[in-house]
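Structure below is start.cif: mmCIF, C-alpha atoms.
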```cif
data_upload
#
loop_
_atom_site.label_atom_id
_atom_site.label_comp_id
_atom_site.auth_asym_id
_atom_site.auth_seq_id
_atom_site.Cartn_x
_atom_site.Cartn_y
_atom_site.Cartn_z
CA MET A 1 108.04 109.49 128.88
CA ARG A 2 107.95 106.55 126.50
CA VAL A 3 104.81 105.19 128.15
CA GLU A 4 103.17 108.60 127.94
CA ARG A 5 103.99 108.85 124.23
CA GLN A 6 102.49 105.40 123.65
CA VAL A 7 99.31 106.33 125.52
CA LEU A 8 99.07 109.58 123.57
CA GLY A 9 99.62 107.71 120.30
CA HIS A 10 96.85 105.24 121.11
CA GLN A 11 94.53 108.10 122.00
CA ARG A 12 95.21 109.88 118.70
CA ARG A 13 94.59 106.70 116.73
CA ARG A 14 91.28 106.18 118.53
CA GLU A 15 90.24 109.75 117.80
CA SER A 16 91.16 109.44 114.13
CA GLY A 17 89.21 106.20 113.74
CA ARG A 18 92.01 104.66 111.67
CA PRO A 19 92.47 100.89 111.78
CA PHE A 20 95.37 99.88 113.97
CA TRP A 21 95.75 96.12 113.84
CA SER A 22 98.99 94.39 114.82
CA THR A 23 98.16 91.52 112.44
CA ARG A 24 95.89 91.38 109.43
CA PRO A 25 92.37 90.45 110.59
CA PHE A 26 90.29 87.93 108.69
CA GLY A 27 88.22 89.75 106.06
CA PHE A 28 90.43 92.85 105.95
CA GLU A 29 93.76 94.11 104.75
CA ARG A 30 95.96 95.99 107.21
CA ASP A 31 94.80 99.34 105.79
CA GLY A 32 91.13 98.55 106.47
CA THR A 33 90.12 97.61 102.93
CA HIS A 34 88.37 94.30 102.41
CA ARG A 35 89.91 91.04 101.30
CA GLU A 36 86.82 90.28 99.30
CA GLU A 37 86.72 86.47 99.36
CA GLU A 38 87.07 86.44 103.14
CA ALA A 39 84.67 89.37 103.59
CA GLU A 40 81.99 87.61 101.55
CA ALA A 41 82.52 84.43 103.58
CA LEU A 42 81.98 86.47 106.75
CA ARG A 43 78.78 88.03 105.40
CA GLN A 44 77.42 84.61 104.53
CA ALA A 45 78.45 83.23 107.92
CA TYR A 46 76.43 85.92 109.72
CA ARG A 47 73.38 85.06 107.64
CA ASP A 48 73.88 81.33 108.10
CA VAL A 49 74.33 81.43 111.87
CA LEU A 50 71.20 83.53 112.31
CA ALA A 51 69.36 81.05 110.09
CA GLY A 52 70.38 78.19 112.38
CA VAL A 53 73.48 76.76 110.69
CA SER A 54 76.02 75.49 113.22
CA LEU A 55 79.44 77.08 113.64
CA TRP A 56 80.95 73.64 113.13
CA SER A 57 79.35 73.36 109.68
CA ILE A 58 80.64 76.77 108.62
CA ALA A 59 84.14 75.98 109.91
CA LYS A 60 84.09 72.68 108.03
CA ASP A 61 83.05 74.46 104.82
CA TRP A 62 85.76 77.12 105.14
CA ASN A 63 88.43 74.49 105.76
CA ALA A 64 87.26 72.50 102.74
CA ARG A 65 87.57 75.66 100.63
CA GLU A 66 91.05 76.29 102.13
CA LEU A 67 89.80 79.58 103.48
CA LEU A 68 92.15 79.54 106.45
CA SER A 69 92.84 82.07 109.19
CA PRO A 70 95.42 84.84 108.56
CA HIS A 71 97.88 82.66 110.49
CA GLY A 72 97.21 79.72 108.17
CA LYS A 73 95.30 77.68 110.74
CA GLU A 74 92.13 75.70 110.17
CA TRP A 75 88.87 76.85 111.67
CA ARG A 76 87.10 75.37 114.66
CA SER A 77 83.85 76.45 116.27
CA SER A 78 85.75 78.35 118.97
CA ASN A 79 88.00 80.53 116.81
CA LEU A 80 85.23 81.08 114.25
CA ARG A 81 82.97 82.32 117.04
CA GLY A 82 85.67 84.75 118.12
CA VAL A 83 86.03 86.20 114.62
CA LEU A 84 82.27 86.65 114.20
CA LEU A 85 82.08 88.52 117.51
CA LYS A 86 84.70 91.09 116.51
CA PRO A 87 83.04 94.56 116.44
CA ARG A 88 85.43 95.65 113.67
CA ASN A 89 83.35 93.56 111.23
CA ALA A 90 80.60 96.16 111.72
CA GLY A 91 82.99 99.12 111.51
CA ILE A 92 83.10 99.57 115.29
CA GLN A 93 86.37 100.69 116.84
CA THR A 94 87.50 99.12 120.11
CA TYR A 95 90.21 99.67 122.69
CA SER A 96 91.70 96.89 124.82
CA GLN A 97 93.76 97.20 127.96
CA TRP A 98 94.91 95.05 130.85
CA VAL A 99 93.03 95.71 134.08
CA GLU A 100 93.94 94.44 137.53
CA LYS A 101 91.01 93.04 139.48
CA PRO A 102 90.61 93.36 143.28
CA ASP A 103 91.73 89.74 143.69
CA GLY A 104 95.01 90.52 141.92
CA ARG A 105 94.13 88.92 138.59
CA ARG A 106 94.98 90.81 135.42
CA VAL A 107 92.36 90.53 132.69
CA ARG A 108 92.19 92.07 129.25
CA GLU A 109 89.07 94.20 128.82
CA THR A 110 87.81 95.58 125.52
CA GLU A 111 85.40 98.47 125.10
CA GLU A 112 83.79 100.03 122.06
CA THR A 113 85.08 103.54 121.47
CA GLY A 114 83.20 104.69 118.39
CA THR A 115 82.93 104.23 114.66
CA GLY A 116 86.02 103.39 112.64
CA ASN A 117 86.75 105.00 109.29
CA TRP A 118 86.91 101.68 107.42
CA GLU A 119 84.09 100.11 105.43
CA PRO A 120 82.14 97.60 107.56
CA ILE A 121 81.65 94.06 106.28
CA VAL A 122 78.22 93.70 107.92
CA SER A 123 75.77 96.21 109.32
CA GLU A 124 75.83 97.02 113.01
CA GLY A 125 72.33 95.60 113.34
CA MET A 126 73.42 92.28 111.86
CA PHE A 127 76.43 92.18 114.18
CA ARG A 128 74.28 92.94 117.25
CA ALA A 129 71.79 90.26 116.22
CA LEU A 130 74.50 87.62 115.96
CA ALA A 131 76.19 88.66 119.21
CA ARG A 132 72.85 88.43 120.97
CA TYR A 133 72.17 85.02 119.43
CA LEU A 134 75.56 83.53 120.33
CA SER A 135 75.37 84.84 123.90
CA ASP A 136 71.87 83.46 124.51
CA PRO A 137 72.20 81.20 127.60
CA GLU A 138 69.35 79.01 126.37
CA ARG A 139 71.12 78.27 123.10
CA ASN A 140 72.16 74.64 122.97
CA THR A 141 75.78 74.41 121.82
CA GLY A 142 76.43 70.83 122.80
CA GLY A 143 77.55 68.48 120.08
CA GLY A 144 75.52 65.51 121.25
CA GLY A 145 71.85 64.80 121.34
CA LYS A 146 71.02 66.08 117.87
CA ARG A 147 67.88 64.62 116.40
CA LYS A 148 68.35 62.40 113.39
CA ALA A 149 64.66 62.60 112.48
CA LEU A 150 63.79 65.67 110.44
CA LEU A 151 60.40 66.45 111.99
CA SER A 152 60.86 64.98 115.46
CA GLY A 153 59.81 67.67 117.93
CA VAL A 154 58.40 69.85 115.14
CA VAL A 155 55.15 68.13 114.14
CA ARG A 156 52.35 67.95 116.71
CA CYS A 157 49.55 65.48 117.23
CA SER A 158 46.21 67.07 116.27
CA LYS A 159 44.44 65.15 119.05
CA CYS A 160 46.52 65.92 122.15
CA GLN A 161 48.96 68.56 120.80
CA ALA A 162 51.98 66.56 121.97
CA VAL A 163 55.04 66.54 119.70
CA VAL A 164 55.76 63.49 117.58
CA THR A 165 58.97 61.51 117.90
CA GLN A 166 60.66 58.99 115.68
CA GLY A 167 60.11 55.29 116.16
CA TRP A 168 60.18 52.10 114.14
CA SER A 169 57.35 50.02 112.75
CA ARG A 170 56.83 46.36 113.41
CA LYS A 171 58.38 43.99 110.91
CA ASP A 172 56.35 43.55 107.77
CA ALA A 173 55.83 40.34 105.82
CA ALA A 174 59.32 40.68 104.37
CA GLY A 175 60.80 41.01 107.85
CA GLU A 176 61.72 44.68 107.38
CA ARG A 177 60.94 47.73 109.47
CA TYR A 178 60.62 51.39 108.50
CA ARG A 179 60.76 54.73 110.32
CA ILE A 180 57.54 56.12 111.74
CA TYR A 181 56.50 59.22 113.66
CA THR A 182 54.52 58.56 116.83
CA CYS A 183 52.65 60.90 119.14
CA SER A 184 54.69 61.24 122.34
CA GLY A 185 51.60 61.94 124.43
CA GLY A 186 49.91 58.57 124.18
CA ARG A 187 50.54 57.10 120.74
CA CYS A 188 47.33 58.75 119.50
CA ILE A 189 48.63 58.83 115.93
CA THR A 190 51.40 57.15 113.98
CA CYS A 191 52.56 57.85 110.45
CA PRO A 192 55.29 56.62 108.08
CA ALA A 193 58.19 59.06 108.45
CA ASP A 194 59.69 59.21 104.96
CA PRO A 195 56.55 60.30 103.06
CA LEU A 196 55.70 62.86 105.77
CA ASP A 197 59.23 64.31 105.61
CA ALA A 198 58.99 64.56 101.84
CA TYR A 199 55.54 66.17 101.88
CA VAL A 200 56.40 68.85 104.46
CA VAL A 201 59.70 69.82 102.82
CA ARG A 202 58.08 69.99 99.37
CA GLN A 203 55.41 72.30 100.76
CA VAL A 204 58.11 74.52 102.26
CA ILE A 205 60.03 74.61 98.96
CA SER A 206 56.83 75.57 97.14
CA ARG A 207 56.79 78.76 99.21
CA ALA A 208 60.25 79.78 97.96
CA GLU A 209 59.03 82.29 95.38
CA GLU A 210 56.71 84.01 97.84
CA TRP A 211 59.42 84.24 100.50
CA ASN A 212 62.09 85.45 98.10
CA GLN A 213 59.83 88.21 96.74
CA ALA A 214 58.80 89.47 100.16
CA PRO A 215 60.63 92.64 101.23
CA ALA A 216 62.98 91.99 104.13
CA THR A 217 62.04 95.30 105.73
CA ASP A 218 59.68 98.14 104.95
CA ALA A 219 60.27 101.89 104.93
CA ALA A 220 59.11 102.21 108.54
CA ASP A 221 61.74 99.69 109.66
CA GLU A 222 64.46 101.57 107.80
CA GLU A 223 63.39 104.87 109.35
CA ARG A 224 63.29 103.29 112.80
CA GLU A 225 66.76 101.81 112.33
CA ALA A 226 68.13 105.24 111.39
CA GLU A 227 66.51 106.72 114.50
CA LEU A 228 67.95 103.99 116.71
CA LEU A 229 71.45 104.41 115.30
CA ALA A 230 71.26 108.15 115.96
CA GLU A 231 70.02 107.47 119.51
CA GLU A 232 72.86 105.01 120.04
CA VAL A 233 75.46 107.59 119.00
CA ALA A 234 73.90 110.26 121.21
CA THR A 235 73.67 107.93 124.21
CA SER A 236 77.27 106.76 123.76
CA GLU A 237 78.42 110.38 123.60
CA ARG A 238 76.42 111.20 126.72
CA ARG A 239 78.06 108.28 128.51
CA THR A 240 81.52 109.51 127.51
CA ALA A 241 80.66 113.06 128.59
CA LEU A 242 79.70 111.84 132.07
CA ALA A 243 83.09 110.18 132.49
CA GLU A 244 84.85 113.34 131.31
CA MET A 245 82.81 115.50 133.71
CA PHE A 246 83.82 113.23 136.58
CA ALA A 247 87.47 113.37 135.49
CA VAL A 248 87.56 117.17 135.76
CA GLY A 249 85.56 117.26 139.01
CA ASP A 250 82.26 118.64 137.68
CA ILE A 251 80.27 115.71 139.12
CA ASP A 252 80.92 113.21 141.89
CA ALA A 253 81.35 109.46 141.50
CA SER A 254 77.81 108.52 142.54
CA THR A 255 76.31 110.91 139.99
CA MET A 256 78.58 109.54 137.29
CA ARG A 257 77.71 105.92 138.11
CA ALA A 258 73.99 106.65 138.14
CA GLY A 259 74.20 108.46 134.81
CA ILE A 260 76.31 105.77 133.17
CA GLY A 261 73.93 103.12 134.50
CA ARG A 262 71.01 104.86 132.80
CA CYS A 263 73.00 105.19 129.58
CA ASP A 264 73.93 101.51 129.63
CA ALA A 265 70.29 100.54 130.17
CA ASP A 266 69.24 102.75 127.26
CA LEU A 267 72.00 101.33 125.06
CA GLY A 268 70.87 97.81 125.90
CA LYS A 269 67.32 98.57 124.78
CA ILE A 270 68.49 100.32 121.62
CA ARG A 271 70.81 97.47 120.62
CA THR A 272 68.15 94.86 121.33
CA GLU A 273 65.74 96.64 118.99
CA LEU A 274 68.48 97.02 116.36
CA ALA A 275 69.15 93.29 116.62
CA ASP A 276 65.45 92.52 116.17
CA LEU A 277 65.30 94.70 113.04
CA ALA A 278 68.38 93.00 111.62
CA ALA A 279 66.96 89.55 112.34
CA LYS A 280 63.90 90.44 110.22
CA ARG A 281 66.21 90.83 107.22
CA VAL A 282 67.54 87.30 107.49
CA ARG A 283 66.06 85.15 104.77
CA VAL A 284 66.71 81.47 104.38
CA ASP A 285 67.70 80.42 100.87
CA LEU A 286 65.02 77.86 100.08
CA GLY A 287 67.02 76.83 97.03
CA ASP A 288 69.62 75.50 99.46
CA VAL A 289 66.86 73.58 101.22
CA GLU A 290 65.88 71.90 97.96
CA TYR A 291 69.47 70.89 97.33
CA LEU A 292 69.93 69.66 100.88
CA TRP A 293 66.70 67.71 100.68
CA GLU A 294 67.76 65.99 97.47
CA GLU A 295 71.10 65.12 99.07
CA LEU A 296 69.79 64.59 102.62
CA ASP A 297 71.98 62.27 104.65
CA TYR A 298 70.54 61.07 107.93
CA GLU A 299 74.07 60.48 109.17
CA ASP A 300 74.78 64.22 108.88
CA PRO A 301 72.85 65.86 111.75
CA ASP A 302 73.96 69.36 110.74
CA ARG A 303 72.18 69.08 107.40
CA ILE A 304 69.07 67.78 109.11
CA ASP A 305 69.23 70.60 111.67
CA TYR A 306 69.47 73.20 108.90
CA VAL A 307 66.45 71.87 106.99
CA ARG A 308 64.52 71.59 110.27
CA THR A 309 65.35 75.22 111.07
CA VAL A 310 63.93 76.32 107.72
CA VAL A 311 60.77 74.27 108.25
CA MET A 312 60.27 75.92 111.65
CA GLN A 313 60.89 79.37 110.18
CA VAL A 314 58.44 78.97 107.30
CA CYS A 315 55.78 76.92 109.12
CA GLU A 316 53.92 78.27 112.11
CA ARG A 317 52.39 74.89 112.87
CA VAL A 318 52.53 71.37 111.44
CA GLU A 319 49.93 68.88 112.70
CA LEU A 320 49.52 65.18 112.06
CA LEU A 321 45.90 64.13 111.55
CA PRO A 322 44.34 60.68 112.07
CA ARG A 323 44.68 58.45 109.02
CA GLY A 324 41.50 56.51 109.67
CA ARG A 325 40.96 52.89 110.54
CA GLY A 326 42.82 50.44 108.32
CA VAL A 327 44.75 53.11 106.36
CA ARG A 328 48.43 52.20 106.24
CA GLY A 329 49.97 54.72 103.82
CA PHE A 330 50.29 58.51 103.93
CA LYS A 331 48.18 61.06 102.07
CA SER A 332 48.42 64.84 101.98
CA ASP A 333 45.20 65.22 103.98
CA HIS A 334 46.90 63.46 106.90
CA CYS A 335 48.98 66.60 107.53
CA ARG A 336 47.85 70.17 108.18
CA ILE A 337 50.37 73.01 107.76
CA THR A 338 49.87 76.62 108.82
CA PHE A 339 52.45 78.86 107.15
CA ARG A 340 53.91 82.04 108.57
CA ASN A 341 53.66 85.26 106.61
CA PRO A 342 57.00 86.01 104.90
#
```

Show the structure stored in the file as structure tokens.
Amino acid sequence: MRVERQVLGHQRRRESGRPFWSTRPFGFERDGTHREEEAEALRQAYRDVLAGVSLWSIAKDWNARELLSPHGKEWRSSNLRGVLLKPRNAGIQTYSQWVEKPDGRRVRETEETGTGNWEPIVSEGMFRALARYLSDPERNTGGGGKRKALLSGVVRCSKCQAVVTQGWSRKDAAGERYRIYTCSGGRCITCPADPLDAYVVRQVISRAEEWNQAPATDAADEEREAELLAEEVATSERRTALAEMFAVGDIDASTMRAGIGRCDADLGKIRTELADLAAKRVRVDLGDVEYLWEELDYEDPDRIDYVRTVVMQVCERVELLPRGRGVRGFKSDHCRITFRNP
């Protein structure tokens, strides 16, 4: 009887949409209201991750600000990732239970059960976009191998279209060497690295006003998002109805599985499009880029990665042009930049 009462209690809580958290989650109070400093940190983290900032950098920043977990522990990439992937941040209610697998293992499975009655910290679209990004199998999460050259792999040779990589010049009369970018295809072109870095970043910063004034989405996007959210609710309800019909014997198992399979496929398409719409809203703060550029430290690969991400987002193509015979320095006409539309 006690177990039945517990099951019934859980069911009623799910139906009511009330928050039921055994411990206070990061960003929230136990009653579902926001703990504003933490909630704002979460909002910024979603924007930063989608803009290319590493989880390690965000964890390091939170620890420096003494913005610790509800248990008083410091952040690492792993536990930060777990918090960002919590559906509750988008106002989505979940239900977890232990399930025994055919091989005898017991695993804890969590499913989304609907919309909670607490105020979300981020939109569902933003949450889906981040979940999709963090689960991308092609995303490189390794700590090693980060480029220490800002434009290595970004700039292309105008002659052979190969990417440029960092190298070092021969010693000059003073016995010193300096960084250069060299075409990886056949050393078609070389260029001093520092002035090229400075020129490209300054051109990106000069686009700040245009990018900041550009609307993140238009009316058509907003209408489409509303349509998709309505479709998602309807499809989720249809999926639940199929399970209920099977439970009371109105349909057989094969019909239920086929119907749920179609619903899951539809939900996947809907959530992918919602994620794409949310990703369009992400705007990189070019003011941060200017600060990072002024304080750029080539021993801090995360800063370099962030500035490189912004360059790649703002620039569609950056090409290095021949400097001409006997020309040793760098001039602006040695680089051709094609900007993306904001």

At a cut-off of 8 Å, using all atoms listed in the file, what residues contact Cys188 (chain A)? Leave out same-chain residues fewer than 2 positions from it and give the result as a list in words.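 Non-adjacent residues within range: Cys157, Lys159, Cys160, Thr182, Cys183, Gly185, Gly186 and Thr190 of chain A.
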
Output the residue selection produced by the PyMOL selection byres ((chain A and resi 90) around 6) on the file above, formatted as a list in words.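 Applying the expression gives Pro87, Arg88, Asn89, Gly91, Ile92, Pro120, Ile121, Val122, Ser123 and Glu124 of chain A.
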
Non-local contacts of region 256-273 of chain A (8 Å; all atoms listed in the file; under 3 positions in same chain excluded) as a ChimeraX atom specification: /A:125,128-129,132,228,231-232,235-236,238-239,242-243,246,251-253,276-277

Of the listed residues A:Glu237, A:Ser184, A:Glu36, A:Val99, that which approaches Glu112 (chain A) most closely, counting all atoms listed in the file: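 Smallest distance to Glu112 (chain A) is found for A:Glu237.
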
What does the distance from CA of Val49 (chain A) to CA of Phe339 (chain A) come to in Å, to one decimal? 22.5 Å

Take CA of Tyr46 (chain A) and CA of Thr23 (chain A) and report the distance between them in Å, one decimal.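 Atom-to-atom, CA of Tyr46 (chain A) to CA of Thr23 (chain A), that is 22.6 Å.
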
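From CA of Phe28 (chain A) back to CA of Leu85 (chain A), the distance works out to 14.9 Å.
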
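The result of the PyMOL selection byres ((chain A and resi 63-72) around 9) on the shown file is A:Thr23, A:Arg24, A:Pro25, A:Phe26, A:Glu37, A:Glu38, A:Ala41, A:Ile58, A:Ala59, A:Lys60, A:Asp61, A:Trp62, A:Lys73, A:Glu74, A:Trp75.
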
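Minimum atom-to-atom distance to Leu320 (chain A), evaluated using all atoms listed in the file, belongs to A:Ser158 out of A:Thr338, A:Ser206, A:Ser158, A:Ser254.
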